[in-house]
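Source file: entry-v3.txt (compact mmCIF, C-alpha atoms)
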# COMPACT_ATOMS: atom_id res chain seq x y z
CA MET N 23 33.93 28.46 -16.30
CA SER N 24 36.24 29.20 -19.21
CA TYR N 25 35.97 29.82 -22.91
CA ASN N 26 38.01 30.78 -25.95
CA ASN N 27 36.92 33.98 -27.63
CA GLY N 28 39.21 33.79 -30.64
CA SER N 29 40.17 37.46 -30.81
CA SER N 30 43.70 38.46 -31.68
CA MET N 31 46.14 41.31 -31.38
CA SER N 32 48.72 42.49 -33.93
CA PHE N 33 52.27 43.60 -33.18
CA GLY N 34 54.97 45.00 -35.37
CA SER N 35 56.18 48.08 -37.13
CA GLY N 36 56.20 49.12 -40.76
CA ASN N 37 55.20 46.25 -42.97
CA VAL N 38 56.15 43.54 -40.46
CA ARG N 39 53.12 42.56 -38.38
CA ARG N 40 52.27 39.40 -36.50
CA ALA N 41 48.92 38.54 -34.95
CA PHE N 42 48.74 36.71 -31.64
CA GLU N 43 45.63 35.00 -30.30
CA PHE N 44 44.36 35.80 -26.84
CA GLY N 45 44.24 32.72 -24.62
CA ARG N 46 41.46 31.18 -22.58
CA THR N 47 39.13 33.42 -20.56
CA HIS N 48 37.99 32.24 -17.13
CA VAL N 49 34.82 33.59 -15.52
CA VAL N 50 33.89 33.57 -11.82
CA ARG N 51 30.13 34.06 -11.51
CA PRO N 52 28.73 36.18 -8.66
CA LYS N 53 27.33 34.15 -5.76
CA GLY N 54 24.81 36.89 -4.94
CA GLU N 55 23.12 39.71 -6.83
CA HIS N 56 25.23 40.79 -9.81
CA GLN N 57 26.18 44.41 -9.11
CA ALA N 58 29.61 44.76 -10.72
CA THR N 59 31.86 43.10 -13.29
CA ILE N 60 35.64 43.38 -13.09
CA VAL N 61 38.12 42.18 -15.69
CA TRP N 62 41.24 41.00 -13.82
CA LEU N 63 44.56 40.84 -15.67
CA HIS N 64 47.40 38.47 -14.79
CA GLY N 65 51.11 39.26 -14.82
CA LEU N 66 53.77 38.46 -17.39
CA GLY N 67 54.02 34.72 -18.06
CA ASP N 68 50.89 33.84 -16.08
CA ASN N 69 47.31 33.04 -17.19
CA GLY N 70 43.72 33.85 -16.27
CA SER N 71 43.14 30.56 -14.46
CA SER N 72 45.51 31.22 -11.56
CA TRP N 73 43.89 34.53 -10.65
CA SER N 74 40.34 33.20 -11.11
CA GLN N 75 41.08 30.67 -8.35
CA ILE N 76 42.21 33.46 -6.01
CA LEU N 77 39.31 35.78 -6.84
CA GLU N 78 36.77 33.01 -6.29
CA THR N 79 37.75 32.89 -2.61
CA LEU N 80 37.20 36.62 -1.94
CA PRO N 81 34.15 37.67 0.13
CA LEU N 82 32.69 39.72 -2.76
CA PRO N 83 29.54 37.82 -3.77
CA ASN N 84 28.18 40.65 -5.94
CA ILE N 85 31.13 40.79 -8.34
CA LYS N 86 31.50 38.83 -11.56
CA TRP N 87 35.18 38.33 -12.38
CA ILE N 88 36.41 37.92 -15.96
CA CYS N 89 39.99 36.65 -16.15
CA PRO N 90 41.35 36.63 -19.71
CA THR N 91 44.70 35.18 -20.76
CA ALA N 92 47.13 37.34 -22.70
CA PRO N 93 48.52 36.23 -26.07
CA THR N 94 51.73 34.21 -26.14
CA ARG N 95 54.27 36.34 -27.97
CA PRO N 96 58.00 37.11 -28.04
CA VAL N 97 58.91 39.44 -25.17
CA ALA N 98 61.99 41.65 -25.34
CA ILE N 99 62.73 41.52 -21.61
CA PHE N 100 63.10 37.73 -22.03
CA GLY N 101 65.40 38.12 -25.03
CA GLY N 102 62.53 37.40 -27.43
CA PHE N 103 61.51 34.18 -25.68
CA PRO N 104 57.72 33.62 -26.03
CA SER N 105 55.54 34.33 -23.00
CA THR N 106 51.99 35.40 -22.22
CA ALA N 107 52.10 39.21 -22.27
CA TRP N 108 49.60 42.05 -22.65
CA PHE N 109 52.21 44.12 -24.50
CA ASP N 110 55.91 44.00 -25.28
CA VAL N 111 58.35 45.34 -22.71
CA ALA N 112 62.14 45.61 -22.91
CA GLU N 113 62.69 46.85 -19.36
CA ILE N 114 60.58 48.07 -16.46
CA SER N 115 61.69 51.68 -16.31
CA GLU N 116 60.24 55.12 -16.91
CA ASP N 117 62.86 55.56 -19.65
CA ALA N 118 61.78 52.41 -21.52
CA ALA N 119 59.88 52.74 -24.78
CA ASP N 120 56.13 52.07 -24.45
CA ASP N 121 54.49 49.51 -26.72
CA LEU N 122 51.45 51.71 -27.31
CA GLU N 123 50.05 49.44 -30.01
CA GLY N 124 50.15 46.43 -27.70
CA LEU N 125 48.68 48.42 -24.80
CA ASP N 126 45.84 49.76 -26.96
CA THR N 127 45.06 46.33 -28.41
CA SER N 128 44.85 44.75 -24.98
CA ALA N 129 42.77 47.66 -23.66
CA ALA N 130 40.38 47.19 -26.60
CA HIS N 131 40.15 43.46 -25.90
CA ILE N 132 39.26 44.22 -22.25
CA ALA N 133 36.69 46.81 -23.34
CA ASN N 134 35.15 44.23 -25.65
CA LEU N 135 34.82 41.77 -22.75
CA LEU N 136 32.99 44.45 -20.72
CA SER N 137 30.81 45.70 -23.57
CA THR N 138 28.21 42.92 -23.25
CA GLU N 139 27.63 43.29 -19.50
CA PRO N 140 24.17 44.44 -18.28
CA ARG N 141 23.70 48.20 -18.36
CA ASN N 142 22.87 48.43 -14.63
CA VAL N 143 26.14 46.74 -13.62
CA LYS N 144 29.20 48.79 -12.66
CA LEU N 145 32.39 48.01 -14.60
CA GLY N 146 35.99 47.85 -13.46
CA ILE N 147 39.46 46.59 -14.33
CA GLY N 148 42.15 45.23 -12.03
CA GLY N 149 45.47 43.56 -12.45
CA PHE N 150 48.80 42.42 -11.09
CA SER N 151 52.24 43.50 -12.37
CA MET N 152 52.00 43.81 -16.19
CA GLY N 153 48.25 43.33 -15.77
CA ALA N 154 48.22 46.31 -13.40
CA ALA N 155 50.10 48.38 -15.99
CA THR N 156 47.47 47.44 -18.59
CA ALA N 157 44.67 48.32 -16.15
CA LEU N 158 46.24 51.75 -15.52
CA HIS N 159 46.51 52.30 -19.28
CA SER N 160 42.77 51.58 -19.52
CA ALA N 161 42.14 54.10 -16.71
CA THR N 162 43.97 56.81 -18.64
CA CYS N 163 42.07 55.87 -21.82
CA HIS N 164 38.81 56.28 -19.87
CA ALA N 165 39.84 59.71 -18.58
CA LEU N 166 41.05 60.88 -22.00
CA GLY N 167 38.01 59.43 -23.77
CA HIS N 168 40.18 57.65 -26.33
CA TYR N 169 42.92 55.09 -26.75
CA GLY N 170 46.51 56.12 -27.41
CA ASN N 171 45.85 55.80 -31.15
CA GLY N 172 42.95 58.27 -30.96
CA ASN N 173 40.06 55.81 -31.32
CA VAL N 174 37.14 56.40 -28.95
CA TYR N 175 37.28 54.51 -25.64
CA PRO N 176 33.77 53.04 -25.32
CA ILE N 177 33.48 51.87 -21.70
CA ASN N 178 32.26 53.86 -18.70
CA LEU N 179 34.59 52.49 -16.06
CA SER N 180 33.81 52.84 -12.35
CA VAL N 181 37.07 51.64 -10.74
CA VAL N 182 40.61 50.43 -11.46
CA VAL N 183 42.84 48.43 -9.09
CA ALA N 184 46.58 48.01 -9.74
CA LEU N 185 48.75 45.68 -7.63
CA SER N 186 52.57 45.69 -7.95
CA GLY N 187 52.44 47.49 -11.29
CA TRP N 188 53.57 50.63 -13.07
CA LEU N 189 52.11 53.39 -15.23
CA PRO N 190 52.87 53.16 -18.98
CA CYS N 191 53.12 56.32 -21.11
CA SER N 192 53.66 58.35 -17.94
CA ARG N 193 55.83 61.13 -19.36
CA THR N 194 53.07 62.79 -21.40
CA LEU N 195 50.03 62.00 -19.24
CA LYS N 196 49.70 65.34 -17.44
CA ASN N 197 49.73 67.36 -20.68
CA ARG N 198 47.22 65.01 -22.31
CA ILE N 199 44.79 65.22 -19.37
CA GLU N 200 45.06 69.00 -19.04
CA ALA N 201 44.26 69.48 -22.73
CA SER N 202 40.52 69.11 -22.08
CA HIS N 203 38.07 70.10 -19.35
CA ASP N 204 36.22 66.83 -19.86
CA CYS N 205 39.45 64.88 -19.31
CA ILE N 206 40.20 66.85 -16.15
CA ARG N 207 36.68 66.18 -14.84
CA ARG N 208 36.80 62.46 -15.57
CA ALA N 209 40.27 62.07 -14.08
CA SER N 210 39.53 64.02 -10.89
CA SER N 211 36.58 61.83 -9.85
CA PHE N 212 37.83 58.43 -11.02
CA PRO N 213 38.55 55.94 -8.18
CA LEU N 214 42.02 54.35 -8.42
CA PHE N 215 43.57 51.93 -5.91
CA LEU N 216 47.31 51.18 -6.19
CA CYS N 217 49.19 48.78 -3.91
CA HIS N 218 52.89 47.91 -3.87
CA GLY N 219 55.28 45.90 -1.71
CA ARG N 220 58.39 47.66 -0.46
CA GLY N 221 60.35 44.45 -0.98
CA ASP N 222 59.35 43.99 -4.63
CA ASP N 223 62.40 42.81 -6.58
CA VAL N 224 60.63 42.52 -9.96
CA VAL N 225 58.77 45.84 -10.27
CA ALA N 226 60.69 48.09 -7.91
CA TYR N 227 58.65 49.85 -5.21
CA GLU N 228 59.90 53.22 -6.47
CA TYR N 229 58.12 52.67 -9.80
CA GLY N 230 54.82 51.94 -8.09
CA GLU N 231 55.17 54.96 -5.83
CA LYS N 232 56.19 57.23 -8.73
CA SER N 233 53.25 55.95 -10.80
CA ALA N 234 50.89 57.01 -8.01
CA ARG N 235 52.53 60.45 -7.80
CA THR N 236 52.38 60.90 -11.59
CA LEU N 237 48.69 59.96 -11.70
CA SER N 238 47.91 62.31 -8.80
CA SER N 239 49.78 65.25 -10.34
CA ALA N 240 48.04 64.58 -13.67
CA GLY N 241 44.68 65.15 -11.97
CA PHE N 242 43.59 61.75 -10.62
CA ARG N 243 42.53 63.14 -7.22
CA ASN N 244 40.49 60.12 -6.08
CA LEU N 245 43.56 57.88 -5.78
CA SER N 246 44.63 55.69 -2.87
CA PHE N 247 48.14 54.24 -2.63
CA ARG N 248 49.04 51.51 -0.12
CA SER N 249 52.51 50.17 0.59
CA TYR N 250 53.38 46.98 2.43
CA ASN N 251 56.64 46.53 4.34
CA GLY N 252 58.48 43.35 3.40
CA LEU N 253 56.07 42.38 0.61
CA GLY N 254 57.75 41.09 -2.55
CA HIS N 255 56.26 40.57 -6.01
CA TYR N 256 53.18 38.67 -4.84
CA THR N 257 49.99 39.32 -2.91
CA ILE N 258 49.08 38.66 0.74
CA PRO N 259 45.77 38.47 2.67
CA GLU N 260 46.28 41.94 4.16
CA GLU N 261 46.42 43.38 0.65
CA THR N 262 43.44 41.42 -0.73
CA ASP N 263 41.41 42.36 2.38
CA GLU N 264 42.05 46.04 1.66
CA VAL N 265 41.15 45.56 -2.01
CA CYS N 266 37.84 43.97 -0.93
CA SER N 267 37.06 46.85 1.45
CA TRP N 268 37.98 49.46 -1.15
CA LEU N 269 35.88 47.81 -3.88
CA THR N 270 32.90 47.42 -1.54
CA ALA N 271 33.03 51.13 -0.68
CA ASN N 272 33.71 52.50 -4.17
CA LEU N 273 31.25 50.24 -6.00
CA GLY N 274 28.54 50.59 -3.35
CA LEU N 275 28.27 46.81 -2.94
CA GLU N 276 25.56 45.53 -0.64
CA GLY N 277 27.23 42.34 0.61
CA TYR N 278 25.56 38.97 0.62
CA ARG N 279 22.22 39.00 -1.13
CA PHE N 280 21.28 35.74 -2.76
CA ASN N 281 18.58 35.45 -5.41

Output the file's structure as structure tokens, nothing else.
Amino acid sequence: MSYNNGSSMSFGSGNVRRAFEFGRTHVVRPKGEHQATIVWLHGLGDNGSSWSQILETLPLPNIKWICPTAPTRPVAIFGGFPSTAWFDVAEISEDAADDLEGLDTSAAHIANLLSTEPRNVKLGIGGFSMGAATALHSATCHALGHYGNGNVYPINLSVVVALSGWLPCSRTLKNRIEASHDCIRRASSFPLFLCHGRGDDVVAYEYGEKSARTLSSAGFRNLSFRSYNGLGHYTIPEETDEVCSWLTANLGLEGYRFN
């Protein structure tokens, strides 16, 4: 199933702003009792359809998957060439400037997708590459209780999964978390699962590993990091099997239970 939701995001500085429409959203309905909903975010240049086809094959019948498509917009790392992207990025490096406006707008779009889910259903976000970076930004927004721009973050997340990604806005995270006892409490108990291939030639393994260390030192104590020898910038059954096991345990899923 897919649909267009018509929402948009704005980019730009000063008086120059351009709005970009989010693309088509694909939904994979649960085959059993609906116990959790996870928004899954694709990588740079991809779309929601490709991941919905992968997620549909996973043995997780109690999860509803929502796979949105990022807006098509000029991306600096491609020399301004248009591509589907959750935010702008000039280089994948801890020294690169963070597009906080783009990150916040995508995080708000994801929160909006989750806001209409049943109250008894657990909520999560996952992603690959740039989608993983956006998911980790949402995790920090949840712990802080607000977006980067200060607006209240409205969703009570239960889990975040990040495959082959990196942590945006990493330099200031520890100080922001430690500024509040509530932030420290939320961060310390929040389940995070990060995976990265040691052979990744797009998002270097060192960035994934350093992201995990930064999150842990900032107070995210309930964090698991898995590395895979020889794995490049893609996913493999060993990795998706571990994601399934981790989600089943951390969401308390009951397995196959058909209505």

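The coordinates place CA of Ser160 (chain N) at 10.8 Å from CA of Asn178 (chain N).
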
TODO: Find the residues around Val61 (chain N) up to 6 Å (only C-alpha atoms counted), leave out those fewer than 2 positions away in its own chain, and share them as a ChimeraX atom specification.
DONE: /N:87-89,147

TODO: Please indicate the distance in Å from CA of Ala161 (chain N) to CA of Phe103 (chain N), rounded to one decimal place.
DONE: 29.2 Å

Open item on the list: Given the point (30.8, 45.1, -9.6) in the coordinates of this file, which residues lie within 8 Å, counting all atoms listed in the file, and how would they look as a ChimeraX atom specification?
Closed with: /N:56-60,84-86,143-146,273,275

Task: Closest of N:Met152, N:Ala209, N:Ala92, N:Leu77 to Leu185 (chain N) - atom-to-atom distances counting only C-alpha atoms - done: N:Met152

Kindly complete region 221-235 of chain N to N, CA, C and O atoms; the output should be written as a compact mmCIF listing (two decimals), in the frame of the given file.
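New file out.txt:
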# COMPACT_ATOMS: atom_id res chain seq x y z
N GLY N 221 59.30 45.41 -0.70
CA GLY N 221 60.35 44.45 -0.98
C GLY N 221 60.28 43.86 -2.37
O GLY N 221 60.91 42.83 -2.65
N ASP N 222 59.53 44.51 -3.27
CA ASP N 222 59.35 43.99 -4.63
C ASP N 222 60.66 44.04 -5.39
O ASP N 222 61.25 45.11 -5.58
N ASP N 223 61.15 42.86 -5.84
CA ASP N 223 62.40 42.81 -6.58
C ASP N 223 62.19 42.59 -8.07
O ASP N 223 63.15 42.36 -8.81
N VAL N 224 60.94 42.66 -8.53
CA VAL N 224 60.63 42.52 -9.96
C VAL N 224 60.20 43.87 -10.53
O VAL N 224 60.78 44.37 -11.49
N VAL N 225 59.17 44.46 -9.95
CA VAL N 225 58.77 45.84 -10.27
C VAL N 225 59.11 46.66 -9.03
O VAL N 225 58.40 46.58 -8.02
N ALA N 226 60.19 47.39 -9.09
CA ALA N 226 60.69 48.09 -7.91
C ALA N 226 59.62 48.98 -7.28
O ALA N 226 58.82 49.61 -7.99
N TYR N 227 59.63 49.04 -5.94
CA TYR N 227 58.65 49.85 -5.21
C TYR N 227 58.64 51.29 -5.71
O TYR N 227 57.58 51.91 -5.82
N GLU N 228 59.82 51.82 -6.03
CA GLU N 228 59.90 53.22 -6.47
C GLU N 228 59.06 53.48 -7.72
O GLU N 228 58.53 54.58 -7.88
N TYR N 229 58.92 52.48 -8.59
CA TYR N 229 58.12 52.67 -9.80
C TYR N 229 56.64 52.72 -9.46
O TYR N 229 55.89 53.51 -10.05
N GLY N 230 56.22 51.88 -8.52
CA GLY N 230 54.82 51.94 -8.09
C GLY N 230 54.49 53.26 -7.42
O GLY N 230 53.46 53.88 -7.71
N GLU N 231 55.38 53.70 -6.55
CA GLU N 231 55.17 54.96 -5.83
C GLU N 231 55.18 56.14 -6.81
O GLU N 231 54.34 57.05 -6.73
N LYS N 232 56.12 56.13 -7.75
CA LYS N 232 56.19 57.23 -8.73
C LYS N 232 54.97 57.22 -9.65
O LYS N 232 54.48 58.29 -10.04
N SER N 233 54.47 56.03 -9.98
CA SER N 233 53.25 55.95 -10.80
C SER N 233 52.09 56.63 -10.09
O SER N 233 51.32 57.37 -10.71
N ALA N 234 51.96 56.38 -8.78
CA ALA N 234 50.89 57.01 -8.01
C ALA N 234 51.06 58.53 -8.00
O ALA N 234 50.07 59.28 -8.15
N ARG N 235 52.29 58.99 -7.81
CA ARG N 235 52.53 60.45 -7.80
C ARG N 235 52.23 61.06 -9.16
O ARG N 235 51.64 62.15 -9.25
